[in-house]
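Okay, structure-v2.pdb is below, PDB, N, CA and C atoms:
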ATOM      1  N   MET A   1       0.852  -1.169   0.000
ATOM      2  CA  MET A   1       0.000   0.000   0.000
ATOM      3  C   MET A   1       0.892   1.224   0.000
ATOM      4  N   THR A   2       0.592   2.152  -0.814
ATOM      5  CA  THR A   2       1.382   3.374  -0.877
ATOM      6  C   THR A   2       0.646   4.492  -0.166
ATOM      7  N   ALA A   3       1.404   5.478   0.264
ATOM      8  CA  ALA A   3       0.810   6.587   0.998
ATOM      9  C   ALA A   3      -0.191   7.358   0.147
ATOM     10  N   ASP A   4       0.041   7.421  -1.155
ATOM     11  CA  ASP A   4      -0.857   8.180  -2.025
ATOM     12  C   ASP A   4      -2.022   7.346  -2.546
ATOM     13  N   ASP A   5      -2.105   6.086  -2.154
ATOM     14  CA  ASP A   5      -3.224   5.236  -2.575
ATOM     15  C   ASP A   5      -3.807   4.524  -1.362
ATOM     16  N   PRO A   6      -4.830   5.094  -0.723
ATOM     17  CA  PRO A   6      -5.390   4.515   0.501
ATOM     18  C   PRO A   6      -6.247   3.279   0.272
ATOM     19  N   HIS A   7      -6.372   2.825  -0.972
ATOM     20  CA  HIS A   7      -7.255   1.708  -1.267
ATOM     21  C   HIS A   7      -6.569   0.361  -1.222
ATOM     22  N   GLY A   8      -5.348   0.311  -0.724
ATOM     23  CA  GLY A   8      -4.671  -0.964  -0.581
ATOM     24  C   GLY A   8      -4.022  -1.466  -1.847
ATOM     25  N   ARG A   9      -3.869  -0.620  -2.849
ATOM     26  CA  ARG A   9      -3.196  -1.047  -4.072
ATOM     27  C   ARG A   9      -1.724  -0.708  -3.953
ATOM     28  N   LEU A  10      -0.896  -1.476  -4.604
ATOM     29  CA  LEU A  10       0.518  -1.152  -4.611
ATOM     30  C   LEU A  10       1.084  -1.363  -5.995
ATOM     31  N   ASP A  11       2.112  -0.613  -6.283
ATOM     32  CA  ASP A  11       2.791  -0.774  -7.566
ATOM     33  C   ASP A  11       3.593  -2.056  -7.512
ATOM     34  N   ASP A  12       3.778  -2.687  -8.662
ATOM     35  CA  ASP A  12       4.553  -3.916  -8.711
ATOM     36  C   ASP A  12       5.988  -3.695  -8.261
ATOM     37  N   ASN A  13       6.455  -2.447  -8.235
ATOM     38  CA  ASN A  13       7.821  -2.145  -7.822
ATOM     39  C   ASN A  13       7.916  -1.797  -6.335
ATOM     40  N   ASP A  14       6.801  -1.791  -5.617
ATOM     41  CA  ASP A  14       6.822  -1.466  -4.191
ATOM     42  C   ASP A  14       7.522  -2.566  -3.407
ATOM     43  N   TYR A  15       7.624  -2.350  -2.090
ATOM     44  CA  TYR A  15       8.317  -3.275  -1.191
ATOM     45  C   TYR A  15       7.899  -4.725  -1.443
ATOM     46  N   PRO A  16       8.711  -5.668  -1.012
ATOM     47  CA  PRO A  16       8.402  -7.075  -1.312
ATOM     48  C   PRO A  16       6.996  -7.473  -0.871
ATOM     49  N   ALA A  17       6.253  -7.925  -1.808
ATOM     50  CA  ALA A  17       4.937  -8.481  -1.550
ATOM     51  C   ALA A  17       4.817  -9.662  -2.494
ATOM     52  N   TYR A  18       4.384 -10.762  -1.977
ATOM     53  CA  TYR A  18       4.413 -12.009  -2.723
ATOM     54  C   TYR A  18       3.053 -12.328  -3.327
ATOM     55  N   THR A  19       3.061 -12.873  -4.528
ATOM     56  CA  THR A  19       1.820 -13.282  -5.163
ATOM     57  C   THR A  19       1.191 -14.396  -4.345
ATOM     58  N   MET A  20      -0.080 -14.636  -4.574
ATOM     59  CA  MET A  20      -0.777 -15.666  -3.812
ATOM     60  C   MET A  20      -0.088 -17.023  -3.981
ATOM     61  N   GLY A  21       0.268 -17.360  -5.197
ATOM     62  CA  GLY A  21       0.921 -18.643  -5.441
ATOM     63  C   GLY A  21       2.246 -18.764  -4.721
ATOM     64  N   ARG A  22       3.063 -17.703  -4.786
ATOM     65  CA  ARG A  22       4.367 -17.720  -4.117
ATOM     66  C   ARG A  22       4.192 -17.737  -2.607
ATOM     67  N   ALA A  23       3.258 -16.965  -2.093
ATOM     68  CA  ALA A  23       3.000 -16.938  -0.649
ATOM     69  C   ALA A  23       2.573 -18.315  -0.160
ATOM     70  N   ALA A  24       1.679 -18.961  -0.888
ATOM     71  CA  ALA A  24       1.218 -20.299  -0.507
ATOM     72  C   ALA A  24       2.378 -21.289  -0.548
ATOM     73  N   GLU A  25       3.211 -21.171  -1.560
ATOM     74  CA  GLU A  25       4.384 -22.050  -1.671
ATOM     75  C   GLU A  25       5.329 -21.846  -0.486
ATOM     76  N   MET A  26       5.556 -20.605  -0.099
ATOM     77  CA  MET A  26       6.444 -20.305   1.028
ATOM     78  C   MET A  26       5.897 -20.871   2.339
ATOM     79  N   LEU A  27       4.566 -20.908   2.458
ATOM     80  CA  LEU A  27       3.931 -21.422   3.669
ATOM     81  C   LEU A  27       3.728 -22.930   3.625
ATOM     82  N   GLY A  28       3.941 -23.522   2.460
ATOM     83  CA  GLY A  28       3.704 -24.956   2.321
ATOM     84  C   GLY A  28       2.226 -25.294   2.354
ATOM     85  N   THR A  29       1.424 -24.423   1.760
ATOM     86  CA  THR A  29      -0.024 -24.610   1.757
ATOM     87  C   THR A  29      -0.559 -24.316   0.359
ATOM     88  N   THR A  30      -1.852 -24.096   0.265
ATOM     89  CA  THR A  30      -2.485 -23.836  -1.020
ATOM     90  C   THR A  30      -3.055 -22.416  -1.059
ATOM     91  N   PRO A  31      -3.279 -21.880  -2.260
ATOM     92  CA  PRO A  31      -3.947 -20.577  -2.341
ATOM     93  C   PRO A  31      -5.328 -20.587  -1.676
ATOM     94  N   ALA A  32      -5.997 -21.729  -1.672
ATOM     95  CA  ALA A  32      -7.315 -21.820  -1.024
ATOM     96  C   ALA A  32      -7.220 -21.502   0.465
ATOM     97  N   PHE A  33      -6.125 -21.908   1.098
ATOM     98  CA  PHE A  33      -5.940 -21.608   2.522
ATOM     99  C   PHE A  33      -5.831 -20.099   2.724
ATOM    100  N   LEU A  34      -5.077 -19.423   1.869
ATOM    101  CA  LEU A  34      -4.951 -17.972   1.983
ATOM    102  C   LEU A  34      -6.289 -17.281   1.727
ATOM    103  N   ARG A  35      -7.052 -17.788   0.751
ATOM    104  CA  ARG A  35      -8.386 -17.218   0.500
ATOM    105  C   ARG A  35      -9.279 -17.401   1.722
ATOM    106  N   ALA A  36      -9.195 -18.570   2.375
ATOM    107  CA  ALA A  36     -10.011 -18.825   3.568
ATOM    108  C   ALA A  36      -9.654 -17.846   4.681
ATOM    109  N   LEU A  37      -8.366 -17.539   4.853
ATOM    110  CA  LEU A  37      -7.964 -16.557   5.866
ATOM    111  C   LEU A  37      -8.551 -15.191   5.540
ATOM    112  N   GLY A  38      -8.604 -14.870   4.255
ATOM    113  CA  GLY A  38      -9.214 -13.613   3.830
ATOM    114  C   GLY A  38     -10.709 -13.591   4.085
ATOM    115  N   GLU A  39     -11.375 -14.721   3.855
ATOM    116  CA  GLU A  39     -12.817 -14.807   4.099
ATOM    117  C   GLU A  39     -13.137 -14.596   5.576
ATOM    118  N   HIS A  40     -12.228 -15.015   6.441
ATOM    119  CA  HIS A  40     -12.430 -14.828   7.880
ATOM    120  C   HIS A  40     -11.812 -13.523   8.366
ATOM    121  N   ARG A  41     -11.411 -12.682   7.419
ATOM    122  CA  ARG A  41     -10.887 -11.348   7.676
ATOM    123  C   ARG A  41      -9.634 -11.331   8.550
ATOM    124  N   LEU A  42      -8.853 -12.394   8.492
ATOM    125  CA  LEU A  42      -7.604 -12.402   9.238
ATOM    126  C   LEU A  42      -6.537 -11.621   8.485
ATOM    127  N   ILE A  43      -6.427 -11.860   7.190
ATOM    128  CA  ILE A  43      -5.504 -11.090   6.356
ATOM    129  C   ILE A  43      -6.255 -10.655   5.104
ATOM    130  N   THR A  44      -5.964  -9.455   4.663
ATOM    131  CA  THR A  44      -6.570  -8.931   3.448
ATOM    132  C   THR A  44      -5.444  -8.663   2.465
ATOM    133  N   PRO A  45      -5.440  -9.350   1.335
ATOM    134  CA  PRO A  45      -4.337  -9.145   0.402
ATOM    135  C   PRO A  45      -4.327  -7.734  -0.158
ATOM    136  N   LEU A  46      -3.124  -7.259  -0.405
ATOM    137  CA  LEU A  46      -2.951  -5.993  -1.093
ATOM    138  C   LEU A  46      -3.188  -6.270  -2.567
ATOM    139  N   ARG A  47      -3.398  -5.254  -3.348
ATOM    140  CA  ARG A  47      -3.615  -5.446  -4.782
ATOM    141  C   ARG A  47      -2.537  -4.699  -5.550
ATOM    142  N   SER A  48      -1.964  -5.365  -6.552
ATOM    143  CA  SER A  48      -0.984  -4.696  -7.412
ATOM    144  C   SER A  48      -1.743  -3.916  -8.474
ATOM    145  N   GLU A  49      -1.021  -3.142  -9.238
ATOM    146  CA  GLU A  49      -1.642  -2.361 -10.309
ATOM    147  C   GLU A  49      -2.403  -3.271 -11.277
ATOM    148  N   GLY A  50      -1.920  -4.488 -11.479
ATOM    149  CA  GLY A  50      -2.584  -5.437 -12.369
ATOM    150  C   GLY A  50      -3.757  -6.143 -11.716
ATOM    151  N   GLY A  51      -4.052  -5.815 -10.448
ATOM    152  CA  GLY A  51      -5.170  -6.415  -9.745
ATOM    153  C   GLY A  51      -4.848  -7.749  -9.083
ATOM    154  N   HIS A  52      -3.575  -8.144  -9.104
ATOM    155  CA  HIS A  52      -3.192  -9.412  -8.508
ATOM    156  C   HIS A  52      -3.080  -9.290  -6.995
ATOM    157  N   ARG A  53      -3.481 -10.360  -6.308
ATOM    158  CA  ARG A  53      -3.357 -10.377  -4.855
ATOM    159  C   ARG A  53      -1.886 -10.486  -4.487
ATOM    160  N   ARG A  54      -1.474  -9.698  -3.495
ATOM    161  CA  ARG A  54      -0.106  -9.735  -2.993
ATOM    162  C   ARG A  54      -0.158  -9.774  -1.472
ATOM    163  N   TYR A  55       0.807 -10.463  -0.878
ATOM    164  CA  TYR A  55       0.872 -10.590   0.577
ATOM    165  C   TYR A  55       2.218 -10.090   1.073
ATOM    166  N   SER A  56       2.186  -9.273   2.128
ATOM    167  CA  SER A  56       3.411  -8.736   2.711
ATOM    168  C   SER A  56       4.042  -9.773   3.643
ATOM    169  N   ARG A  57       5.251  -9.490   4.075
ATOM    170  CA  ARG A  57       5.929 -10.386   5.026
ATOM    171  C   ARG A  57       5.135 -10.489   6.326
ATOM    172  N   TYR A  58       4.599  -9.375   6.777
ATOM    173  CA  TYR A  58       3.794  -9.375   7.992
ATOM    174  C   TYR A  58       2.584 -10.307   7.846
ATOM    175  N   GLN A  59       1.904 -10.214   6.716
ATOM    176  CA  GLN A  59       0.750 -11.077   6.476
ATOM    177  C   GLN A  59       1.163 -12.545   6.417
ATOM    178  N   LEU A  60       2.338 -12.812   5.873
ATOM    179  CA  LEU A  60       2.825 -14.196   5.824
ATOM    180  C   LEU A  60       3.097 -14.732   7.225
ATOM    181  N   ARG A  61       3.588 -13.887   8.125
ATOM    182  CA  ARG A  61       3.806 -14.334   9.523
ATOM    183  C   ARG A  61       2.477 -14.694  10.174
ATOM    184  N   ILE A  62       1.455 -13.891   9.932
ATOM    185  CA  ILE A  62       0.132 -14.184  10.481
ATOM    186  C   ILE A  62      -0.406 -15.479   9.884
ATOM    187  N   ALA A  63      -0.272 -15.637   8.579
ATOM    188  CA  ALA A  63      -0.750 -16.848   7.908
ATOM    189  C   ALA A  63       0.005 -18.080   8.395
ATOM    190  N   ALA A  64       1.296 -17.930   8.670
ATOM    191  CA  ALA A  64       2.084 -19.063   9.174
ATOM    192  C   ALA A  64       1.589 -19.494  10.550
ATOM    193  N   ARG A  65       1.249 -18.536  11.395
ATOM    194  CA  ARG A  65       0.706 -18.870  12.726
ATOM    195  C   ARG A  65      -0.638 -19.584  12.574
ATOM    196  N   ALA A  66      -1.480 -19.111  11.659
ATOM    197  CA  ALA A  66      -2.773 -19.756  11.410
ATOM    198  C   ALA A  66      -2.548 -21.175  10.912
ATOM    199  N   ARG A  67      -1.592 -21.348  10.015
ATOM    200  CA  ARG A  67      -1.301 -22.684   9.475
ATOM    201  C   ARG A  67      -0.850 -23.632  10.579
ATOM    202  N   GLU A  68      -0.048 -23.112  11.498
ATOM    203  CA  GLU A  68       0.420 -23.907  12.634
ATOM    204  C   GLU A  68      -0.759 -24.408  13.470
ATOM    205  N   LEU A  69      -1.700 -23.525  13.756
ATOM    206  CA  LEU A  69      -2.876 -23.907  14.549
ATOM    207  C   LEU A  69      -3.745 -24.917  13.805
ATOM    208  N   VAL A  70      -3.949 -24.689  12.509
ATOM    209  CA  VAL A  70      -4.772 -25.596  11.707
ATOM    210  C   VAL A  70      -4.110 -26.975  11.630
ATOM    211  N   ASP A  71      -2.800 -27.000  11.485
ATOM    212  CA  ASP A  71      -2.081 -28.274  11.443
ATOM    213  C   ASP A  71      -2.219 -29.046  12.750
ATOM    214  N   GLN A  72      -2.450 -28.328  13.850
ATOM    215  CA  GLN A  72      -2.638 -28.966  15.155
ATOM    216  C   GLN A  72      -4.080 -29.424  15.366
ATOM    217  N   GLY A  73      -4.929 -29.181  14.378
ATOM    218  CA  GLY A  73      -6.310 -29.648  14.457
ATOM    219  C   GLY A  73      -7.341 -28.582  14.791
ATOM    220  N   THR A  74      -6.923 -27.348  14.904
ATOM    221  CA  THR A  74      -7.850 -26.255  15.203
ATOM    222  C   THR A  74      -8.612 -25.895  13.930
ATOM    223  N   PRO A  75      -9.941 -25.786  13.994
ATOM    224  CA  PRO A  75     -10.695 -25.343  12.810
ATOM    225  C   PRO A  75     -10.229 -23.946  12.393
ATOM    226  N   ILE A  76     -10.291 -23.668  11.110
ATOM    227  CA  ILE A  76      -9.752 -22.406  10.598
ATOM    228  C   ILE A  76     -10.431 -21.191  11.220
ATOM    229  N   GLU A  77     -11.754 -21.278  11.464
ATOM    230  CA  GLU A  77     -12.460 -20.144  12.079
ATOM    231  C   GLU A  77     -11.904 -19.865  13.469
ATOM    232  N   ALA A  78     -11.677 -20.925  14.242
ATOM    233  CA  ALA A  78     -11.143 -20.773  15.596
ATOM    234  C   ALA A  78      -9.705 -20.277  15.548
ATOM    235  N   ALA A  79      -8.917 -20.764  14.598
ATOM    236  CA  ALA A  79      -7.527 -20.329  14.474
ATOM    237  C   ALA A  79      -7.463 -18.826  14.217
ATOM    238  N   CYS A  80      -8.328 -18.327  13.354
ATOM    239  CA  CYS A  80      -8.357 -16.898  13.063
ATOM    240  C   CYS A  80      -8.706 -16.096  14.315
ATOM    241  N   ARG A  81      -9.669 -16.567  15.061
ATOM    242  CA  ARG A  81     -10.073 -15.868  16.291
ATOM    243  C   ARG A  81      -8.957 -15.901  17.338
ATOM    244  N   ILE A  82      -8.286 -17.033  17.454
ATOM    245  CA  ILE A  82      -7.177 -17.161  18.407
ATOM    246  C   ILE A  82      -6.085 -16.145  18.079
ATOM    247  N   ILE A  83      -5.766 -16.016  16.817
ATOM    248  CA  ILE A  83      -4.706 -15.089  16.415
ATOM    249  C   ILE A  83      -5.098 -13.650  16.731
ATOM    250  N   VAL A  84      -6.350 -13.299  16.500
ATOM    251  CA  VAL A  84      -6.823 -11.951  16.827
ATOM    252  C   VAL A  84      -6.712 -11.715  18.333
ATOM    253  N   LEU A  85      -7.117 -12.687  19.129
ATOM    254  CA  LEU A  85      -7.039 -12.544  20.587
ATOM    255  C   LEU A  85      -5.589 -12.478  21.073
ATOM    256  N   GLU A  86      -4.710 -13.277  20.467
ATOM    257  CA  GLU A  86      -3.291 -13.208  20.827
ATOM    258  C   GLU A  86      -2.728 -11.826  20.531
ATOM    259  N   ASP A  87      -3.132 -11.249  19.410
ATOM    260  CA  ASP A  87      -2.673  -9.916  19.039
ATOM    261  C   ASP A  87      -3.180  -8.878  20.032
ATOM    262  N   GLN A  88      -4.431  -9.009  20.452
ATOM    263  CA  GLN A  88      -5.000  -8.077  21.427
ATOM    264  C   GLN A  88      -4.293  -8.199  22.771
ATOM    265  N   LEU A  89      -3.978  -9.427  23.175
ATOM    266  CA  LEU A  89      -3.262  -9.639  24.433
ATOM    267  C   LEU A  89      -1.872  -9.014  24.368
ATOM    268  N   GLU A  90      -1.186  -9.218  23.253
ATOM    269  CA  GLU A  90       0.149  -8.644  23.084
ATOM    270  C   GLU A  90       0.095  -7.117  23.173
ATOM    271  N   GLU A  91      -0.903  -6.516  22.549
ATOM    272  CA  GLU A  91      -1.058  -5.062  22.592
ATOM    273  C   GLU A  91      -1.352  -4.598  24.020
ATOM    274  N   ALA A  92      -2.205  -5.316  24.726
ATOM    275  CA  ALA A  92      -2.524  -4.954  26.112
ATOM    276  C   ALA A  92      -1.282  -5.051  26.995
ATOM    277  N   GLN A  93      -0.476  -6.075  26.796
ATOM    278  CA  GLN A  93       0.747  -6.220  27.586
ATOM    279  C   GLN A  93       1.738  -5.100  27.284
ATOM    280  N   ARG A  94       1.814  -4.698  26.013
ATOM    281  CA  ARG A  94       2.701  -3.594  25.638
ATOM    282  C   ARG A  94       2.257  -2.293  26.297
ATOM    283  N   ILE A  95       0.954  -2.036  26.265
ATOM    284  CA  ILE A  95       0.416  -0.814  26.880
ATOM    285  C   ILE A  95       0.655  -0.829  28.380
ATOM    286  N   ASN A  96       0.445  -1.974  29.020
ATOM    287  CA  ASN A  96       0.676  -2.101  30.455
ATOM    288  C   ASN A  96       2.142  -1.832  30.803
ATOM    289  N   ALA A  97       3.057  -2.382  30.017
ATOM    290  CA  ALA A  97       4.488  -2.172  30.270
ATOM    291  C   ALA A  97       4.858  -0.696  30.121
ATOM    292  N   GLU A  98       4.303  -0.039  29.099
ATOM    293  CA  GLU A  98       4.564   1.391  28.907
ATOM    294  C   GLU A  98       4.028   2.195  30.094
ATOM    295  N   TYR A  99       2.839   1.853  30.561
ATOM    296  CA  TYR A  99       2.241   2.552  31.700
ATOM    297  C   TYR A  99       3.102   2.376  32.948
ATOM    298  N   ARG A 100       3.540   1.149  33.190
ATOM    299  CA  ARG A 100       4.378   0.889  34.370
ATOM    300  C   ARG A 100       5.686   1.672  34.307
ATOM    301  N   ARG A 101       6.320   1.683  33.133
ATOM    302  CA  ARG A 101       7.569   2.437  32.989
ATOM    303  C   ARG A 101       7.330   3.921  33.237
ATOM    304  N   ALA A 102       6.232   4.449  32.718
ATOM    305  CA  ALA A 102       5.932   5.869  32.892
ATOM    306  C   ALA A 102       5.678   6.210  34.354
ATOM    307  N   THR A 103       4.942   5.365  35.064
ATOM    308  CA  THR A 103       4.670   5.663  36.473
ATOM    309  C   THR A 103       5.912   5.481  37.333
ATOM    310  N   GLU A 104       6.768   4.518  36.991
ATOM    311  CA  GLU A 104       8.009   4.332  37.753
ATOM    312  C   GLU A 104       8.951   5.508  37.543
ATOM    313  N   THR A 105       8.957   6.082  36.363
ATOM    314  CA  THR A 105       9.800   7.237  36.083
ATOM    315  C   THR A 105       9.265   8.469  36.808
ATOM    316  N   ALA A 106       7.953   8.638  36.801
ATOM    317  CA  ALA A 106       7.335   9.803  37.439
ATOM    318  C   ALA A 106       7.344   9.684  38.959
ATOM    319  N   HIS A 107       7.211   8.479  39.472
ATOM    320  CA  HIS A 107       7.144   8.247  40.923
ATOM    321  C   HIS A 107       8.075   7.104  41.302
ATOM    322  N   PRO A 108       9.374   7.372  41.408
ATOM    323  CA  PRO A 108      10.277   6.269  41.765
ATOM    324  C   PRO A 108       9.961   5.745  43.163
ATOM    325  N   PRO A 109      10.190   4.453  43.403
ATOM    326  CA  PRO A 109       9.900   3.886  44.726
ATOM    327  C   PRO A 109      10.773   4.553  45.788
ATOM    328  N   ALA A 110      10.187   4.732  46.965
ATOM    329  CA  ALA A 110      10.908   5.344  48.081
ATOM    330  C   ALA A 110      12.001   4.397  48.596
ATOM    331  N   ALA A 111      13.131   4.960  48.942
ATOM    332  CA  ALA A 111      14.242   4.141  49.463
ATOM    333  C   ALA A 111      13.888   3.655  50.860
ATOM    334  N   ALA A 112      14.196   2.395  51.123
ATOM    335  CA  ALA A 112      13.858   1.818  52.430
ATOM    336  C   ALA A 112      14.935   2.005  53.425
TER
END
Reformat the file's structure so that it appears as structure tokens.
Amino acid sequence: MTADDPHGRLDDNDYPAYTMGRAAEMLGTTPAFLRALGEHRLITPLRSEGGHRRYSRYQLRIAARARELVDQGTPIEAACRIIVLEDQLEEAQRINAEYRRATETAHPPAAA
């Protein structure tokens, strides 16, 4: 996605983004698996100028985690939800750590 195009399209010369076939090959899965992740709104492919679906490295990491869960027997719908919840937990932990650091800096513990 480029800054001047908010619709999720990217030029074929933009940062590395892999075609659906290449992304599926890298994950050891099928394009149908990537489409299923899109149907469950876990990842949304970017579009190149030619209209081809492209996946970023970040999206491939998310898809790899989903593939790991599915390989363990988790239904794809549940795997997508688990990943969203894991992401929310990670964000909450980051915010909590930032808050703690800020309060410790503003109010250092009293010396005993």
Could you list, as a list in words, every residue within 8 Å of Ala63 (chain A), counting only N, CA and C atoms and ignoring same-chain residues fewer than 2 positions away?
Leu27, Phe33, Leu34, Leu37, Leu42, Ile43, Arg57, Tyr58, Gln59, Leu60, Arg61, Arg65, Ala66, Arg67, Glu68 and Leu69 of chain A
Assign secondary structure with DSSP using the backbone only, and return the residues of chain A in helix (DSSP H, G or I) as a count of residues only.
63
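Residue nearest Arg53 (chain A) within the list A:Ala106, A:Ile82, A:Asp71, A:Pro31: A:Pro31 [criterion: smallest interatomic distance, only C-alpha atoms].
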Write down as a ChimeraX atom specification the residues of chain A whose backbone DSSP state falls under strand (DSSP E or B).
/A:9-10,18-19,46-48,53-55
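The closest residue to His52 (chain A), picked from A:Glu25, A:Tyr18, A:Thr30, A:Glu104 and counting all atoms listed in the file, is A:Tyr18.
Nearest to Cys80 (chain A) of all the residues A:Ile95, A:Ala110, A:Ala102, A:Ile62 is A:Ile62, counting only C-alpha atoms.
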Can you tell me, as an NGL selection string, what residues are no more than 7 Å from Val70 (chain A) when counting only C-alpha atoms, ignoring any on the same chain fewer than 5 positions away?
:A and (75-76 or 79)
Using only N, CA and C atoms, which of the listed residues (A:Thr105, A:Glu77, A:Ile83, A:Leu89) sits closest to His40 (chain A)?
A:Glu77
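Counting from CA of Ala23 (chain A), the distance to CA of Tyr55 (chain A) is 6.8 Å.
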Around region 104-109 of chain A, fit a box with edges along x, y and z, padding it by 4 Å on each side, then list its centre and edge lengths in Å to one decimal as AutoDock Vina command-line options.
--center_x 8.8 --center_y 6.8 --center_z 40.9 --size_x 12.0 --size_y 13.9 --size_z 17.7
Name the residues that the PyMOL selection byres ((chain A and resi 54) around 7) pulls out of this structure, and write them as a PyMOL selection string.
chain A and resi 17-20+44-48+51-53+55-56
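Straight-line separation from atom C of His107 (chain A) to atom N of Glu90 (chain A): 26.0 Å.
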In Å and to one decimal, CA of Arg94 (chain A) is distant from CA of Ala64 (chain A) by 22.6 Å
